[in-house]
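Peer 1: Please read through the structure below; I'll follow up with questions.
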Amino acid sequence: MNILLGLLIPFAGTSAGAACVFFMRNKLSLFVKKALLGFASGVMVAASVWSLLIPAMDMSEWMGKFAFVPAAAGFMIGILFLLVMDRVIPHLHMGASSPEGPKTSLKKTTMLVLAVTLHNIPEGMAVGVVFAGMMAENAQITLAGAFALSVGIAIQNFPEGAIISLPMRSEEGVKRSKAFLYGVLSGVVEPIGGGLTILLASYITPLLPYLLAFAAGAMLYVVVEELIPESSQGEHSNVATIAFAIGFVLMMTLDVALG
């Protein structure tokens with residue numbers, strides 16, 4: 001039951017953010033959007049370090065001076081994985097004039113959802129891997145630490161849900177119910193990916209350090225390639241920086257206090 005709850009918490013964060021479309025008439029102001037992007041970036045960076053990379057190296061202590069190898073290898077593979085996904089899946093980032101990836105006849109709204117879904121893939125994997133690590137007897141991950149990551153990702157998923165549903169309503173003219181549904185669908189990949197990871201837990205235990213670092217690399221790819229550039233361009237970049245610091249400290253505190 002605890003594991004199911006842990007998998008659903010991030011999805012609930014995305015859904016709650018998407019529900020903002022029922023309570024807010026206008027699109028997010030640039031100030032608020034920059035703050036939310038910066039906050040999400042801070043949470044993801046802190047989660048990558050404290051919840052994923054450090055546990056990956058702790059699990060590899062038996063390798064002595066080479067304990068960094070699984071973390072370094074998994075991290076780079078995670079970066080390359082998202083780089084490939086970014087190239088082979090057609091998607092459109094909110095506010096962008098042209099889509100990325102191969103040419104397609106998909107609707108604009110579908111490609112907008114795919115863009116956010118790409119962000120959510122590593123987050124779902126991260127939660128699943130951490131709970132799989134908690135289930136492994138030799139892993140140094142506690143239930144509280146696993147929930148800390150789950151809650152942290154849910155917190156940063158809230159603005160992601162709002163960022164996709166509100167512009168769909170105000171800029172694309174999509175009905176509120178449909179905009180909400182698109183926001184919810186963008187987060188479905190998280191519990192699915194996390195659940196599949198846990199089902200394979202007994203087979204992947206030896207690879208846990210690599211998988212933890214893999215999730216960290218994939219998450220940081222999203223931060224560096226998408227979130228930070230979007231939050232730092234134009235006006236209110238200082239707001240994004242302050243929000244990044246707040247998100248980073250919040251996630252760090254959650255992980256250390258609960259882990």
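Note on naming: chains are A, B, ... as they come in the structure tokens, residues start from 1 per chain, ligands start from 1 in the order shown.
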Show which residues sit within 7 Å of region 113-124 of chain A, as a ChimeraX atom specification. Count only C-alpha atoms, and ignore same-chain residues fewer than 4 positions away.
Peer 2: /A:91-93,109,128,182,186-187,189-191,193-194,215,218-219,222
Peer 1: Which neighbours of Gly42 (chain A) fall inside 10 Å, counting only C-alpha atoms, when residues of the same chain fewer than 2 positions from it are skipped, and could you give them as a CSV table (one decimal) with C-alpha atoms, in the first residue's frame?
Peer 2:
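Generated output (out-v2.csv):
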chain,number,residue,atom,x,y,z
A,36,LEU,CA,7.4,28.0,-11.2
A,37,LEU,CA,10.0,26.9,-13.7
A,38,GLY,CA,12.9,28.0,-11.4
A,39,PHE,CA,11.3,26.2,-8.4
A,40,ALA,CA,10.8,23.0,-10.4
A,44,MET,CA,14.9,18.3,-9.6
A,45,VAL,CA,18.5,19.2,-9.1
A,46,ALA,CA,18.4,18.6,-5.4
A,47,ALA,CA,16.5,15.3,-5.9
A,48,SER,CA,19.1,14.2,-8.4
A,156,GLN,CA,7.4,20.3,-8.7
A,223,VAL,CA,16.6,20.9,-16.2
A,227,LEU,CA,13.7,24.4,-17.7
A,228,ILE,CA,16.7,26.7,-16.9
A,240,ALA,CA,13.6,32.2,-11.4
A,241,THR,CA,16.9,32.2,-9.7
A,242,ILE,CA,15.4,32.8,-6.3
A,243,ALA,CA,12.7,30.2,-6.9
A,244,PHE,CA,15.4,27.7,-7.9
A,245,ALA,CA,17.1,28.3,-4.6
A,246,ILE,CA,13.9,27.8,-2.7
A,247,GLY,CA,13.1,24.6,-4.5
A,248,PHE,CA,16.6,23.3,-4.0
A,249,VAL,CA,16.6,23.9,-0.3
A,250,LEU,CA,13.1,22.5,0.2
A,251,MET,CA,14.0,19.2,-1.6
A,252,MET,CA,17.3,19.0,0.2
Peer 1: Return the single residue from A:Pro159, A:Ala257, A:Pro229, A:Ala179 that is closest to Leu28 (chain A), with distances computed using only C-alpha atoms.
Peer 2: A:Pro159
Peer 1: Identify, on the basis of only C-alpha atoms, every residue whose closest approach to region 68-75 of chain A does not exceed 6 Å; exclude the query and any residue fewer than 2 positions from it along the same chain; express the result as a VMD selection string.
Peer 2: chain A and resid 56 to 57 66 77 to 78 209 to 210 213 to 214 217
Peer 1: Generate the output file for the selected residues, N, CA and C atoms, as a compact mmCIF listing (two decimals), in the first residue's frame.
Peer 2:
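Generated output (part-v3.txt):
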# COMPACT_ATOMS: atom_id res chain seq x y z
N ALA A 56 23.43 6.19 -4.92
CA ALA A 56 24.10 5.32 -5.89
C ALA A 56 25.55 5.08 -5.49
N MET A 57 26.22 6.13 -5.03
CA MET A 57 27.62 5.97 -4.61
C MET A 57 27.72 5.23 -3.28
N PHE A 66 36.73 3.42 -6.51
CA PHE A 66 35.98 3.39 -7.77
C PHE A 66 34.46 3.40 -7.54
N ILE A 77 24.60 7.69 -19.22
CA ILE A 77 23.62 6.94 -20.01
C ILE A 77 22.26 7.61 -19.93
N GLY A 78 21.90 8.14 -18.75
CA GLY A 78 20.64 8.86 -18.58
C GLY A 78 20.57 10.10 -19.46
N PRO A 209 22.51 0.95 -8.40
CA PRO A 209 23.34 2.17 -8.45
C PRO A 209 23.33 2.82 -9.83
N TYR A 210 23.39 1.99 -10.87
CA TYR A 210 23.38 2.52 -12.24
C TYR A 210 22.03 3.15 -12.57
N ALA A 213 21.49 6.55 -10.82
CA ALA A 213 22.24 7.59 -11.52
C ALA A 213 21.65 7.88 -12.89
N PHE A 214 21.13 6.84 -13.55
CA PHE A 214 20.46 7.00 -14.84
C PHE A 214 19.30 7.99 -14.71
N GLY A 217 20.63 11.51 -14.26
CA GLY A 217 21.09 12.09 -15.52
C GLY A 217 19.94 12.54 -16.41
Peer 1: CA of Phe31 (chain A) to CA of Ala216 (chain A): how many Å, to one decimal?
Peer 2: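 It comes out at 28.0 Å.
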Peer 1: So, counting only C-alpha atoms, which residue among A:Ser60, A:Ser150, A:Gln233, A:Ser15 is closest to Pro206 (chain A)?
Peer 2: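 Of the candidates, the smallest distance to Pro206 (chain A) is held by A:Ser60.
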Peer 1: Would you mind listing, for every residue of region 100-187 of chain A within 12 Å of region 3-7 of chain A, the two atoms forming the shortest contact and the distance between them in Å to one decimal, using only C-alpha atoms, sorted by chain and ascending residue number, as a Markdown table?
Peer 2:
| residue | atom | partner | partner_atom | distance |
| --- | --- | --- | --- | --- |
| A:Glu123 | CA | A:Leu7 | CA | 10.5 |
| A:Gly124 | CA | A:Leu7 | CA | 7.8 |
| A:Met125 | CA | A:Leu7 | CA | 10.0 |
| A:Ala126 | CA | A:Leu7 | CA | 10.2 |
| A:Val127 | CA | A:Leu7 | CA | 6.8 |
| A:Gly128 | CA | A:Leu7 | CA | 7.1 |
| A:Val129 | CA | A:Leu7 | CA | 10.7 |
| A:Val130 | CA | A:Gly6 | CA | 10.1 |
| A:Phe131 | CA | A:Ile3 | CA | 6.9 |
| A:Ala132 | CA | A:Ile3 | CA | 9.2 |
| A:Gly133 | CA | A:Ile3 | CA | 11.7 |
| A:Met134 | CA | A:Ile3 | CA | 9.8 |
| A:Met135 | CA | A:Ile3 | CA | 9.5 |
| A:Leu143 | CA | A:Ile3 | CA | 8.9 |
| A:Ala144 | CA | A:Gly6 | CA | 10.2 |
| A:Gly145 | CA | A:Gly6 | CA | 10.9 |
| A:Ala146 | CA | A:Gly6 | CA | 7.7 |
| A:Phe147 | CA | A:Gly6 | CA | 6.0 |
| A:Ala148 | CA | A:Gly6 | CA | 9.3 |
| A:Leu149 | CA | A:Gly6 | CA | 9.0 |
| A:Ser150 | CA | A:Gly6 | CA | 5.9 |
| A:Val151 | CA | A:Gly6 | CA | 8.0 |
| A:Gly152 | CA | A:Gly6 | CA | 11.1 |
| A:Ile153 | CA | A:Leu7 | CA | 10.5 |
| A:Ala154 | CA | A:Gly6 | CA | 10.0 |
| A:Gly187 | CA | A:Leu7 | CA | 11.3 |
Peer 1: Since we have the selection now, will you write its residues out, keeping N, CA and C atoms, as a PDB file, in the first residue's frame?
Peer 2:
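File part_28.pdb, as written:
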ATOM      1  N   GLU A 123      11.240  11.277 -14.117  1.00  0.00           N
ATOM      2  CA  GLU A 123      10.711  11.440 -12.762  1.00  0.00           C
ATOM      3  C   GLU A 123      10.016  10.166 -12.304  1.00  0.00           C
ATOM      4  N   GLY A 124       9.218   9.555 -13.193  1.00  0.00           N
ATOM      5  CA  GLY A 124       8.565   8.296 -12.849  1.00  0.00           C
ATOM      6  C   GLY A 124       9.577   7.201 -12.597  1.00  0.00           C
ATOM      7  N   MET A 125      10.625   7.174 -13.435  1.00  0.00           N
ATOM      8  CA  MET A 125      11.674   6.183 -13.241  1.00  0.00           C
ATOM      9  C   MET A 125      12.389   6.395 -11.919  1.00  0.00           C
ATOM     10  N   ALA A 126      12.624   7.641 -11.563  1.00  0.00           N
ATOM     11  CA  ALA A 126      13.325   7.949 -10.316  1.00  0.00           C
ATOM     12  C   ALA A 126      12.553   7.428  -9.109  1.00  0.00           C
ATOM     13  N   VAL A 127      11.258   7.686  -9.086  1.00  0.00           N
ATOM     14  CA  VAL A 127      10.441   7.214  -7.962  1.00  0.00           C
ATOM     15  C   VAL A 127      10.432   5.693  -7.914  1.00  0.00           C
ATOM     16  N   GLY A 128      10.250   5.046  -9.070  1.00  0.00           N
ATOM     17  CA  GLY A 128      10.226   3.589  -9.108  1.00  0.00           C
ATOM     18  C   GLY A 128      11.536   2.974  -8.654  1.00  0.00           C
ATOM     19  N   VAL A 129      12.665   3.541  -9.110  1.00  0.00           N
ATOM     20  CA  VAL A 129      13.970   3.004  -8.741  1.00  0.00           C
ATOM     21  C   VAL A 129      14.233   3.178  -7.250  1.00  0.00           C
ATOM     22  N   VAL A 130      13.852   4.333  -6.700  1.00  0.00           N
ATOM     23  CA  VAL A 130      14.078   4.569  -5.270  1.00  0.00           C
ATOM     24  C   VAL A 130      13.253   3.604  -4.420  1.00  0.00           C
ATOM     25  N   PHE A 131      12.007   3.368  -4.803  1.00  0.00           N
ATOM     26  CA  PHE A 131      11.200   2.413  -4.039  1.00  0.00           C
ATOM     27  C   PHE A 131      11.714   0.995  -4.234  1.00  0.00           C
ATOM     28  N   ALA A 132      12.235   0.690  -5.420  1.00  0.00           N
ATOM     29  CA  ALA A 132      12.860  -0.610  -5.634  1.00  0.00           C
ATOM     30  C   ALA A 132      14.091  -0.748  -4.746  1.00  0.00           C
ATOM     31  N   GLY A 133      14.847   0.329  -4.617  1.00  0.00           N
ATOM     32  CA  GLY A 133      16.002   0.319  -3.731  1.00  0.00           C
ATOM     33  C   GLY A 133      15.615   0.153  -2.280  1.00  0.00           C
ATOM     34  N   MET A 134      14.522   0.766  -1.893  1.00  0.00           N
ATOM     35  CA  MET A 134      14.031   0.609  -0.523  1.00  0.00           C
ATOM     36  C   MET A 134      13.651  -0.837  -0.233  1.00  0.00           C
ATOM     37  N   MET A 135      13.114  -1.530  -1.253  1.00  0.00           N
ATOM     38  CA  MET A 135      12.713  -2.924  -1.088  1.00  0.00           C
ATOM     39  C   MET A 135      13.910  -3.874  -1.032  1.00  0.00           C
ATOM     40  N   LEU A 143      12.137   3.970   3.753  1.00  0.00           N
ATOM     41  CA  LEU A 143      10.794   4.291   3.256  1.00  0.00           C
ATOM     42  C   LEU A 143      10.554   5.793   3.312  1.00  0.00           C
ATOM     43  N   ALA A 144      11.010   6.432   4.377  1.00  0.00           N
ATOM     44  CA  ALA A 144      10.843   7.880   4.508  1.00  0.00           C
ATOM     45  C   ALA A 144      11.609   8.619   3.416  1.00  0.00           C
ATOM     46  N   GLY A 145      12.810   8.118   3.105  1.00  0.00           N
ATOM     47  CA  GLY A 145      13.591   8.744   2.043  1.00  0.00           C
ATOM     48  C   GLY A 145      12.928   8.599   0.689  1.00  0.00           C
ATOM     49  N   ALA A 146      12.328   7.426   0.434  1.00  0.00           N
ATOM     50  CA  ALA A 146      11.619   7.206  -0.822  1.00  0.00           C
ATOM     51  C   ALA A 146      10.418   8.140  -0.927  1.00  0.00           C
ATOM     52  N   PHE A 147       9.700   8.308   0.179  1.00  0.00           N
ATOM     53  CA  PHE A 147       8.547   9.211   0.181  1.00  0.00           C
ATOM     54  C   PHE A 147       8.988  10.665   0.031  1.00  0.00           C
ATOM     55  N   ALA A 148      10.167  11.000   0.552  1.00  0.00           N
ATOM     56  CA  ALA A 148      10.671  12.367   0.404  1.00  0.00           C
ATOM     57  C   ALA A 148      10.834  12.714  -1.061  1.00  0.00           C
ATOM     58  N   LEU A 149      11.409  11.775  -1.834  1.00  0.00           N
ATOM     59  CA  LEU A 149      11.554  12.004  -3.273  1.00  0.00           C
ATOM     60  C   LEU A 149      10.189  12.091  -3.940  1.00  0.00           C
ATOM     61  N   SER A 150       9.274  11.205  -3.578  1.00  0.00           N
ATOM     62  CA  SER A 150       7.943  11.193  -4.173  1.00  0.00           C
ATOM     63  C   SER A 150       7.223  12.516  -3.927  1.00  0.00           C
ATOM     64  N   VAL A 151       7.287  13.005  -2.697  1.00  0.00           N
ATOM     65  CA  VAL A 151       6.632  14.272  -2.349  1.00  0.00           C
ATOM     66  C   VAL A 151       7.310  15.433  -3.060  1.00  0.00           C
ATOM     67  N   GLY A 152       8.646  15.408  -3.108  1.00  0.00           N
ATOM     68  CA  GLY A 152       9.376  16.478  -3.783  1.00  0.00           C
ATOM     69  C   GLY A 152       9.015  16.585  -5.253  1.00  0.00           C
ATOM     70  N   ILE A 153       8.929  15.448  -5.920  1.00  0.00           N
ATOM     71  CA  ILE A 153       8.569  15.452  -7.347  1.00  0.00           C
ATOM     72  C   ILE A 153       7.119  15.896  -7.523  1.00  0.00           C
ATOM     73  N   ALA A 154       6.245  15.514  -6.587  1.00  0.00           N
ATOM     74  CA  ALA A 154       4.850  15.955  -6.657  1.00  0.00           C
ATOM     75  C   ALA A 154       4.759  17.470  -6.551  1.00  0.00           C
ATOM     76  N   GLY A 187       0.970  13.234 -17.041  1.00  0.00           N
ATOM     77  CA  GLY A 187       1.587  12.664 -15.848  1.00  0.00           C
ATOM     78  C   GLY A 187       1.359  11.177 -15.675  1.00  0.00           C
TER      79      GLY A 187
END
Peer 1: Just list as a PyMOL selection string whatever in region 18-175 of chain A DSSP marks as alpha helix (DSSP H).
Peer 2: chain A and resi 18+30-46+54-59+68-88+108-135+143-170
Peer 1: With distances taken over only C-alpha atoms, which residue among A:Ile155, A:Ile9, A:Ile141, A:Val224 lies nearest Leu52 (chain A)?
Peer 2: A:Ile141
Peer 1: Of the residues A:Gly195, A:Ser177, A:Met111, A:Gly183, which is the one nearest to Phe158 (chain A), using only C-alpha atoms?
Peer 2: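 Once distances to Phe158 (chain A) are computed over only C-alpha atoms, the minimum belongs to A:Gly183.
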